[in-house]
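In what follows, a single structure is set out as structure tokens and then discussed.
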Amino acid sequence: MQLFETRDDLQSHLAQIRRDGKKIGLVPTMGNLHQGHLALVDAAKQECDFVLSSIFVNPLQFGPNEDFENYPKSPDSDYEKLEQQGCDGVFEPAVSEMYPGDLDSQTLVTVLGLSERHCGVSRPMHFGGVCTIVSKLFNLTMPDLAFFGEKDFQQLQIIKKMVRDLCIPIKVIGIPTERMDNGLALSSRNFYLDNNQLEIASSLYKCLQNAAEKIETGNNNFFELEDEAALVLEDAGLRPEYFHICHAGTLEPASPSDQQLVILSAVWLGRTRLIDNIQIDLNG
Ligand code: PAF
């Protein structure tokens, strides 16, 4: 597995890969890798000849009071895991390599509308930061396919829309969420939780499953289900930020005739913010 730290080294290597007619798969990450990331590498390995993972904690997607400075990092174990998973290359640039010049005067890529709801309400700059770094990674690596986790469902829909809107010739693939035995979605931020909190945090998925079951058995009183879920989350010791039953494509509030739904939720446990979702196919 090769490690690249500069854009020049990465681009000249990938140019050769492309000349050899190989298919490139990109797995963008912020490091501190877990089985969820490794599942993305696995999926990429199945479809591509050269799998590149990027590790970059992107300052532009963190708000002023968020955990950019403390974001968990584990480079040695990340390389080991990626190598074991059969990843072919890792791109781990410095901030100055990705954002030469002043962070405040960067060109930003923003997907309007979709970025402003759900997580975008409490994190107004977040998705602009995500889209900016993802487009830079796309331009630098020009992969055939790029893999993202469905745990960040809103992020995935925004990236898919960005690719459509900007005519970027890359296929974006969503991969199902990996979970602990208790249902908690794997996330780098679970690292902040102790064992007791990991158990409390699992109530989020249970609550999503519960609401999904009610919808699947005919309950379409969505506002009532959302209010009920908020109370259940509070009782479990979580502080809900939102619990929204949405149309799975537009992420607008669901209407009773919608068949493809997703429930998106963000909660706080102490100082840790967790997100999760569940998809519902009423035709399936
Ligand atoms: O999902 C993440 O880890 C990040 O938002 C991403 C896509 C790597 C961009 O920094």
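If you're wondering about the labels, chains in the structure tokens are A, B, ... by order shown, residues count from 1 in each chain, ligands from 1 in order shown.
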Write out as a Markdown table the residues of chain A that have any atom within 7 Å of an atom of ligand 1, one row each with the nearest atom pair and its distance in Å to one decimal, counting only C-alpha atoms and all ligand atoms, sorted by chain and then rising number.
| residue | atom | partner | partner_atom_place_in_ligand_line | distance |
| --- | --- | --- | --- | --- |
| A:Pro28 | CA | ligand 1 | 8 (C) | 4.4 |
| A:Thr29 | CA | ligand 1 | 8 (C) | 3.7 |
| A:Met30 | CA | ligand 1 | 3 (O) | 4.8 |
| A:Phe56 | CA | ligand 1 | 10 (O) | 6.6 |
| A:Val57 | CA | ligand 1 | 10 (O) | 6.3 |
| A:Asn58 | CA | ligand 1 | 10 (O) | 5.3 |
| A:Val130 | CA | ligand 1 | 9 (C) | 4.9 |
| A:Ile133 | CA | ligand 1 | 10 (O) | 6.1 |
| A:Val134 | CA | ligand 1 | 9 (C) | 5.8 |
| A:Phe148 | CA | ligand 1 | 7 (C) | 6.8 |
| A:Asp152 | CA | ligand 1 | 1 (O) | 6.6 |
Go through region 24-131 of chain A residue by residue and, counting only C-alpha atoms, keep those with an atom at most 12 Å from region 245-269 of chain A; for each kept residue give the shortest atom pair and its distance in Å to one decimal, ordered by chain and increasing number, as CSV.
residue,atom,partner,partner_atom,distance
A:Gly113,CA,A:Thr250,CA,9.7
A:Leu114,CA,A:Leu251,CA,7.3
A:Ser115,CA,A:Leu251,CA,10.1
A:Glu116,CA,A:Leu251,CA,10.8
A:Arg117,CA,A:Leu251,CA,8.4
A:His118,CA,A:Leu264,CA,7.7
A:Cys119,CA,A:Ala266,CA,7.4
A:Gly120,CA,A:Ala266,CA,11.1
A:Val121,CA,A:Ala266,CA,11.2
A:Ser122,CA,A:Ala266,CA,10.2
A:Arg123,CA,A:Ala266,CA,11.5
So that I have them on file, write out the residues from the current selection with all heavy atoms, as a PDB file, in the first residue's frame.
ATOM      1  N   GLY A 113     -30.462  24.286  -0.558  1.00  0.00           N
ATOM      2  CA  GLY A 113     -31.698  23.543  -0.222  1.00  0.00           C
ATOM      3  C   GLY A 113     -31.401  22.344   0.648  1.00  0.00           C
ATOM      4  O   GLY A 113     -31.508  22.410   1.881  1.00  0.00           O
ATOM      5  N   LEU A 114     -30.971  21.253   0.002  1.00  0.00           N
ATOM      6  CA  LEU A 114     -30.714  20.004   0.741  1.00  0.00           C
ATOM      7  C   LEU A 114     -29.749  20.196   1.908  1.00  0.00           C
ATOM      8  O   LEU A 114     -29.832  19.495   2.907  1.00  0.00           O
ATOM      9  CB  LEU A 114     -30.070  18.988  -0.210  1.00  0.00           C
ATOM     10  CG  LEU A 114     -30.900  17.864  -0.786  1.00  0.00           C
ATOM     11  CD1 LEU A 114     -30.002  16.890  -1.542  1.00  0.00           C
ATOM     12  CD2 LEU A 114     -31.686  17.132   0.280  1.00  0.00           C
ATOM     13  N   SER A 115     -28.826  21.136   1.773  1.00  0.00           N
ATOM     14  CA  SER A 115     -27.812  21.337   2.828  1.00  0.00           C
ATOM     15  C   SER A 115     -28.346  22.150   3.993  1.00  0.00           C
ATOM     16  O   SER A 115     -27.662  22.291   5.005  1.00  0.00           O
ATOM     17  CB  SER A 115     -26.605  22.092   2.263  1.00  0.00           C
ATOM     18  OG  SER A 115     -26.018  21.372   1.238  1.00  0.00           O
ATOM     19  N   GLU A 116     -29.532  22.732   3.800  1.00  0.00           N
ATOM     20  CA  GLU A 116     -30.007  23.677   4.819  1.00  0.00           C
ATOM     21  C   GLU A 116     -30.918  23.049   5.849  1.00  0.00           C
ATOM     22  O   GLU A 116     -31.243  23.673   6.846  1.00  0.00           O
ATOM     23  CB  GLU A 116     -30.709  24.862   4.131  1.00  0.00           C
ATOM     24  CG  GLU A 116     -29.711  25.775   3.433  1.00  0.00           C
ATOM     25  CD  GLU A 116     -30.275  26.428   2.179  1.00  0.00           C
ATOM     26  OE1 GLU A 116     -31.488  26.713   2.148  1.00  0.00           O
ATOM     27  OE2 GLU A 116     -29.493  26.617   1.217  1.00  0.00           O
ATOM     28  N   ARG A 117     -31.371  21.805   5.599  1.00  0.00           N
ATOM     29  CA  ARG A 117     -32.264  21.217   6.602  1.00  0.00           C
ATOM     30  C   ARG A 117     -31.553  20.145   7.427  1.00  0.00           C
ATOM     31  O   ARG A 117     -30.378  19.867   7.216  1.00  0.00           O
ATOM     32  CB  ARG A 117     -33.551  20.679   5.998  1.00  0.00           C
ATOM     33  CG  ARG A 117     -33.465  20.161   4.603  1.00  0.00           C
ATOM     34  CD  ARG A 117     -34.857  19.801   4.076  1.00  0.00           C
ATOM     35  NE  ARG A 117     -34.841  19.621   2.652  1.00  0.00           N
ATOM     36  CZ  ARG A 117     -35.061  20.598   1.783  1.00  0.00           C
ATOM     37  NH1 ARG A 117     -35.302  21.813   2.197  1.00  0.00           N
ATOM     38  NH2 ARG A 117     -35.039  20.345   0.489  1.00  0.00           N
ATOM     39  N   HIS A 118     -32.315  19.579   8.384  1.00  0.00           N
ATOM     40  CA  HIS A 118     -31.784  18.504   9.250  1.00  0.00           C
ATOM     41  C   HIS A 118     -30.465  18.964   9.902  1.00  0.00           C
ATOM     42  O   HIS A 118     -30.452  19.952  10.611  1.00  0.00           O
ATOM     43  CB  HIS A 118     -31.672  17.193   8.458  1.00  0.00           C
ATOM     44  CG  HIS A 118     -32.887  16.905   7.607  1.00  0.00           C
ATOM     45  ND1 HIS A 118     -34.148  16.772   8.159  1.00  0.00           N
ATOM     46  CD2 HIS A 118     -33.044  16.788   6.261  1.00  0.00           C
ATOM     47  CE1 HIS A 118     -35.015  16.561   7.187  1.00  0.00           C
ATOM     48  NE2 HIS A 118     -34.369  16.582   6.037  1.00  0.00           N
ATOM     49  N   CYS A 119     -29.349  18.243   9.597  1.00  0.00           N
ATOM     50  CA  CYS A 119     -28.067  18.626  10.225  1.00  0.00           C
ATOM     51  C   CYS A 119     -27.647  20.043   9.836  1.00  0.00           C
ATOM     52  O   CYS A 119     -26.905  20.695  10.579  1.00  0.00           O
ATOM     53  CB  CYS A 119     -26.961  17.661   9.807  1.00  0.00           C
ATOM     54  SG  CYS A 119     -27.124  16.041  10.574  1.00  0.00           S
ATOM     55  N   GLY A 120     -28.095  20.506   8.674  1.00  0.00           N
ATOM     56  CA  GLY A 120     -27.692  21.835   8.197  1.00  0.00           C
ATOM     57  C   GLY A 120     -28.230  22.974   9.049  1.00  0.00           C
ATOM     58  O   GLY A 120     -27.720  24.091   8.986  1.00  0.00           O
ATOM     59  N   VAL A 121     -29.265  22.691   9.859  1.00  0.00           N
ATOM     60  CA  VAL A 121     -29.830  23.761  10.692  1.00  0.00           C
ATOM     61  C   VAL A 121     -28.850  24.122  11.810  1.00  0.00           C
ATOM     62  O   VAL A 121     -28.517  25.294  12.015  1.00  0.00           O
ATOM     63  CB  VAL A 121     -31.210  23.325  11.263  1.00  0.00           C
ATOM     64  CG1 VAL A 121     -31.732  24.326  12.281  1.00  0.00           C
ATOM     65  CG2 VAL A 121     -32.197  23.129  10.126  1.00  0.00           C
ATOM     66  N   SER A 122     -28.347  23.100  12.513  1.00  0.00           N
ATOM     67  CA  SER A 122     -27.426  23.401  13.616  1.00  0.00           C
ATOM     68  C   SER A 122     -25.978  23.512  13.130  1.00  0.00           C
ATOM     69  O   SER A 122     -25.120  24.005  13.834  1.00  0.00           O
ATOM     70  CB  SER A 122     -27.515  22.316  14.696  1.00  0.00           C
ATOM     71  OG  SER A 122     -27.012  21.098  14.187  1.00  0.00           O
ATOM     72  N   ARG A 123     -25.705  23.033  11.908  1.00  0.00           N
ATOM     73  CA  ARG A 123     -24.327  23.054  11.379  1.00  0.00           C
ATOM     74  C   ARG A 123     -24.360  23.746  10.000  1.00  0.00           C
ATOM     75  O   ARG A 123     -24.162  23.097   8.954  1.00  0.00           O
ATOM     76  CB  ARG A 123     -23.780  21.625  11.248  1.00  0.00           C
ATOM     77  CG  ARG A 123     -23.897  20.791  12.515  1.00  0.00           C
ATOM     78  CD  ARG A 123     -23.184  19.456  12.377  1.00  0.00           C
ATOM     79  NE  ARG A 123     -21.740  19.599  12.457  1.00  0.00           N
ATOM     80  CZ  ARG A 123     -20.862  18.643  12.100  1.00  0.00           C
ATOM     81  NH1 ARG A 123     -21.299  17.489  11.646  1.00  0.00           N
ATOM     82  NH2 ARG A 123     -19.562  18.843  12.216  1.00  0.00           N
TER      83      ARG A 123
END
- Task: From the DSSP assignment of the backbone, select every residue of region 18-239 of chain A that is alpha helix (DSSP H), and format the answer as JSON, numbers by chain.
- Result: {"A": [18, 19, 35, 36, 37, 38, 39, 40, 41, 42, 43, 44, 45, 46, 47, 75, 76, 77, 78, 79, 80, 81, 82, 83, 84, 95, 96, 97, 98, 119, 120, 121, 122, 126, 127, 128, 129, 130, 131, 132, 133, 134, 135, 136, 137, 138, 139, 140, 141, 153, 154, 155, 156, 157, 158, 159, 160, 161, 162, 163, 164, 165, 195, 196, 197, 198, 199, 200, 201, 203, 204, 205, 206, 207, 208, 209, 210, 211, 212, 213, 214, 215, 216, 222, 223, 224, 225, 226, 227, 228, 229, 230, 231, 232, 233, 234, 235]}
Keeping only C-alpha atoms, take the residues you just selected and write them out as a tab-separated table (two decimals), in the first residue's frame.
chain	number	residue	atom	x	y	z
A	18	ARG	CA	-5.39	5.43	-15.55
A	19	ARG	CA	-3.03	4.97	-18.52
A	35	GLN	CA	-15.51	-1.50	10.31
A	36	GLY	CA	-17.88	0.97	8.59
A	37	HIS	CA	-14.96	2.48	6.66
A	38	LEU	CA	-13.49	-0.95	5.95
A	39	ALA	CA	-16.82	-2.05	4.44
A	40	LEU	CA	-16.45	0.86	1.99
A	41	VAL	CA	-12.95	-0.37	1.07
A	42	ASP	CA	-14.34	-3.89	0.62
A	43	ALA	CA	-17.08	-2.66	-1.70
A	44	ALA	CA	-14.52	-0.61	-3.64
A	45	LYS	CA	-12.22	-3.64	-3.96
A	46	GLN	CA	-15.05	-5.62	-5.53
A	47	GLU	CA	-15.60	-3.05	-8.27
A	75	PRO	CA	-2.87	7.07	11.85
A	76	ASP	CA	-0.82	3.94	12.62
A	77	SER	CA	-3.80	1.72	13.22
A	78	ASP	CA	-5.57	3.31	10.20
A	79	TYR	CA	-2.72	2.33	7.84
A	80	GLU	CA	-2.63	-1.16	9.31
A	81	LYS	CA	-6.37	-1.64	8.85
A	82	LEU	CA	-6.33	-0.29	5.30
A	83	GLU	CA	-3.38	-2.46	4.35
A	84	GLN	CA	-5.05	-5.56	5.80
A	95	VAL	CA	-4.25	21.10	5.60
A	96	SER	CA	-1.95	23.46	3.63
A	97	GLU	CA	-1.83	20.93	0.78
A	98	MET	CA	-5.62	20.88	0.42
A	119	CYS	CA	-28.07	18.63	10.22
A	120	GLY	CA	-27.69	21.84	8.20
A	121	VAL	CA	-29.83	23.76	10.69
A	122	SER	CA	-27.43	23.40	13.62
A	126	HIS	CA	-20.97	21.80	7.45
A	127	PHE	CA	-22.20	20.53	4.11
A	128	GLY	CA	-20.51	23.39	2.22
A	129	GLY	CA	-17.25	22.18	3.80
A	130	VAL	CA	-18.02	18.56	2.90
A	131	CYS	CA	-18.91	19.37	-0.73
A	132	THR	CA	-15.83	21.56	-1.11
A	133	ILE	CA	-13.40	18.89	0.10
A	134	VAL	CA	-15.18	16.08	-1.73
A	135	SER	CA	-15.08	18.02	-5.02
A	136	LYS	CA	-11.38	18.74	-4.48
A	137	LEU	CA	-10.73	15.05	-3.84
A	138	PHE	CA	-12.78	14.16	-6.92
A	139	ASN	CA	-10.81	16.61	-9.08
A	140	LEU	CA	-7.46	15.39	-7.75
A	141	THR	CA	-8.16	11.69	-8.05
A	153	PHE	CA	-27.58	9.73	4.70
A	154	GLN	CA	-28.04	13.46	4.19
A	155	GLN	CA	-24.38	13.84	3.22
A	156	LEU	CA	-24.74	11.01	0.69
A	157	GLN	CA	-27.82	12.59	-0.94
A	158	ILE	CA	-26.06	15.97	-1.06
A	159	ILE	CA	-22.95	14.49	-2.71
A	160	LYS	CA	-25.12	12.64	-5.24
A	161	LYS	CA	-26.90	15.89	-6.04
A	162	MET	CA	-23.61	17.79	-6.32
A	163	VAL	CA	-22.33	15.21	-8.80
A	164	ARG	CA	-25.55	15.48	-10.85
A	165	ASP	CA	-25.71	19.28	-10.73
A	195	ASN	CA	-19.43	1.61	27.92
A	196	ASN	CA	-22.51	2.90	29.71
A	197	GLN	CA	-22.97	5.65	27.12
A	198	LEU	CA	-22.53	3.14	24.27
A	199	GLU	CA	-25.53	1.30	25.69
A	200	ILE	CA	-27.59	4.49	26.10
A	201	ALA	CA	-26.66	5.56	22.57
A	203	SER	CA	-31.59	3.64	22.03
A	204	LEU	CA	-31.36	5.88	18.99
A	205	TYR	CA	-31.48	2.97	16.54
A	206	LYS	CA	-34.12	1.17	18.62
A	207	CYS	CA	-36.26	4.27	18.43
A	208	LEU	CA	-35.75	4.54	14.65
A	209	GLN	CA	-36.70	0.85	14.28
A	210	ASN	CA	-39.77	1.33	16.42
A	211	ALA	CA	-41.03	4.28	14.37
A	212	ALA	CA	-40.23	2.41	11.11
A	213	GLU	CA	-42.26	-0.59	12.28
A	214	LYS	CA	-45.24	1.64	13.05
A	215	ILE	CA	-45.04	3.25	9.61
A	216	GLU	CA	-44.72	-0.16	7.94
A	222	PHE	CA	-45.83	11.36	11.04
A	223	PHE	CA	-45.87	14.42	13.33
A	224	GLU	CA	-47.26	12.33	16.17
A	225	LEU	CA	-44.61	9.63	15.59
A	226	GLU	CA	-41.87	12.29	15.61
A	227	ASP	CA	-43.12	13.78	18.89
A	228	GLU	CA	-43.46	10.34	20.45
A	229	ALA	CA	-39.90	9.42	19.41
A	230	ALA	CA	-38.49	12.62	20.91
A	231	LEU	CA	-40.01	11.68	24.28
A	232	VAL	CA	-38.67	8.12	24.07
A	233	LEU	CA	-35.17	9.44	23.26
A	234	GLU	CA	-35.31	11.84	26.21
A	235	ASP	CA	-36.44	9.05	28.53
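As for CA of Thr177 (chain A) and CA of Lys151 (chain A), they are spaced 5.2 Å apart.
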Distance query Glu5 (chain A) at most 7 Å, only C-alpha atoms, self and fewer than 2 positions along chain excluded, as a PyMOL selection string | chain A and resi 3+7+91-93
Just N, CA, C and O atoms for this one: save the residues we selected as a PDB file, in the first residue's frame.
ATOM      1  N   LEU A   3       1.658   5.324   0.332  1.00  0.00           N
ATOM      2  CA  LEU A   3       1.180   6.520   1.042  1.00  0.00           C
ATOM      3  C   LEU A   3       1.555   7.766   0.245  1.00  0.00           C
ATOM      4  O   LEU A   3       2.712   7.930  -0.155  1.00  0.00           O
ATOM      5  N   ARG A   7      -0.273  16.435  -3.457  1.00  0.00           N
ATOM      6  CA  ARG A   7      -1.170  16.294  -4.612  1.00  0.00           C
ATOM      7  C   ARG A   7      -0.384  15.842  -5.840  1.00  0.00           C
ATOM      8  O   ARG A   7      -0.845  15.022  -6.618  1.00  0.00           O
ATOM      9  N   PHE A  91      -4.114   8.552   0.693  1.00  0.00           N
ATOM     10  CA  PHE A  91      -3.749   9.962   0.510  1.00  0.00           C
ATOM     11  C   PHE A  91      -3.998  10.661   1.826  1.00  0.00           C
ATOM     12  O   PHE A  91      -5.135  10.728   2.282  1.00  0.00           O
ATOM     13  N   GLU A  92      -2.930  11.154   2.440  1.00  0.00           N
ATOM     14  CA  GLU A  92      -3.086  11.828   3.730  1.00  0.00           C
ATOM     15  C   GLU A  92      -2.375  13.184   3.673  1.00  0.00           C
ATOM     16  O   GLU A  92      -1.223  13.328   4.105  1.00  0.00           O
ATOM     17  N   PRO A  93      -3.062  14.169   3.114  1.00  0.00           N
ATOM     18  CA  PRO A  93      -2.419  15.465   2.911  1.00  0.00           C
ATOM     19  C   PRO A  93      -2.474  16.332   4.167  1.00  0.00           C
ATOM     20  O   PRO A  93      -3.328  16.130   5.035  1.00  0.00           O
TER      21      PRO A  93
END
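For region 30-160 of chain A, backbone-based DSSP assignment of strand (DSSP E or B) covers A:Phe50, A:Val51, A:Leu52, A:Ser53, A:Ser54, A:Ile55, A:Gly89, A:Val90, A:Phe91, A:Leu145, A:Ala146, A:Phe147, A:Phe148, A:Gly149.
When only C-alpha atoms are used to measure the gap to Met1 (chain A), the shortest distance among A:Gly86, A:Pro124, A:Gly218, A:Gly31 belongs to A:Gly86.
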Here CA of Asp88 (chain A) and CA of Gln16 (chain A) stand apart by 13.9 Å
re CA of Leu103 (chain A) and CA of Leu274 (chain A): distance 26.6 Å
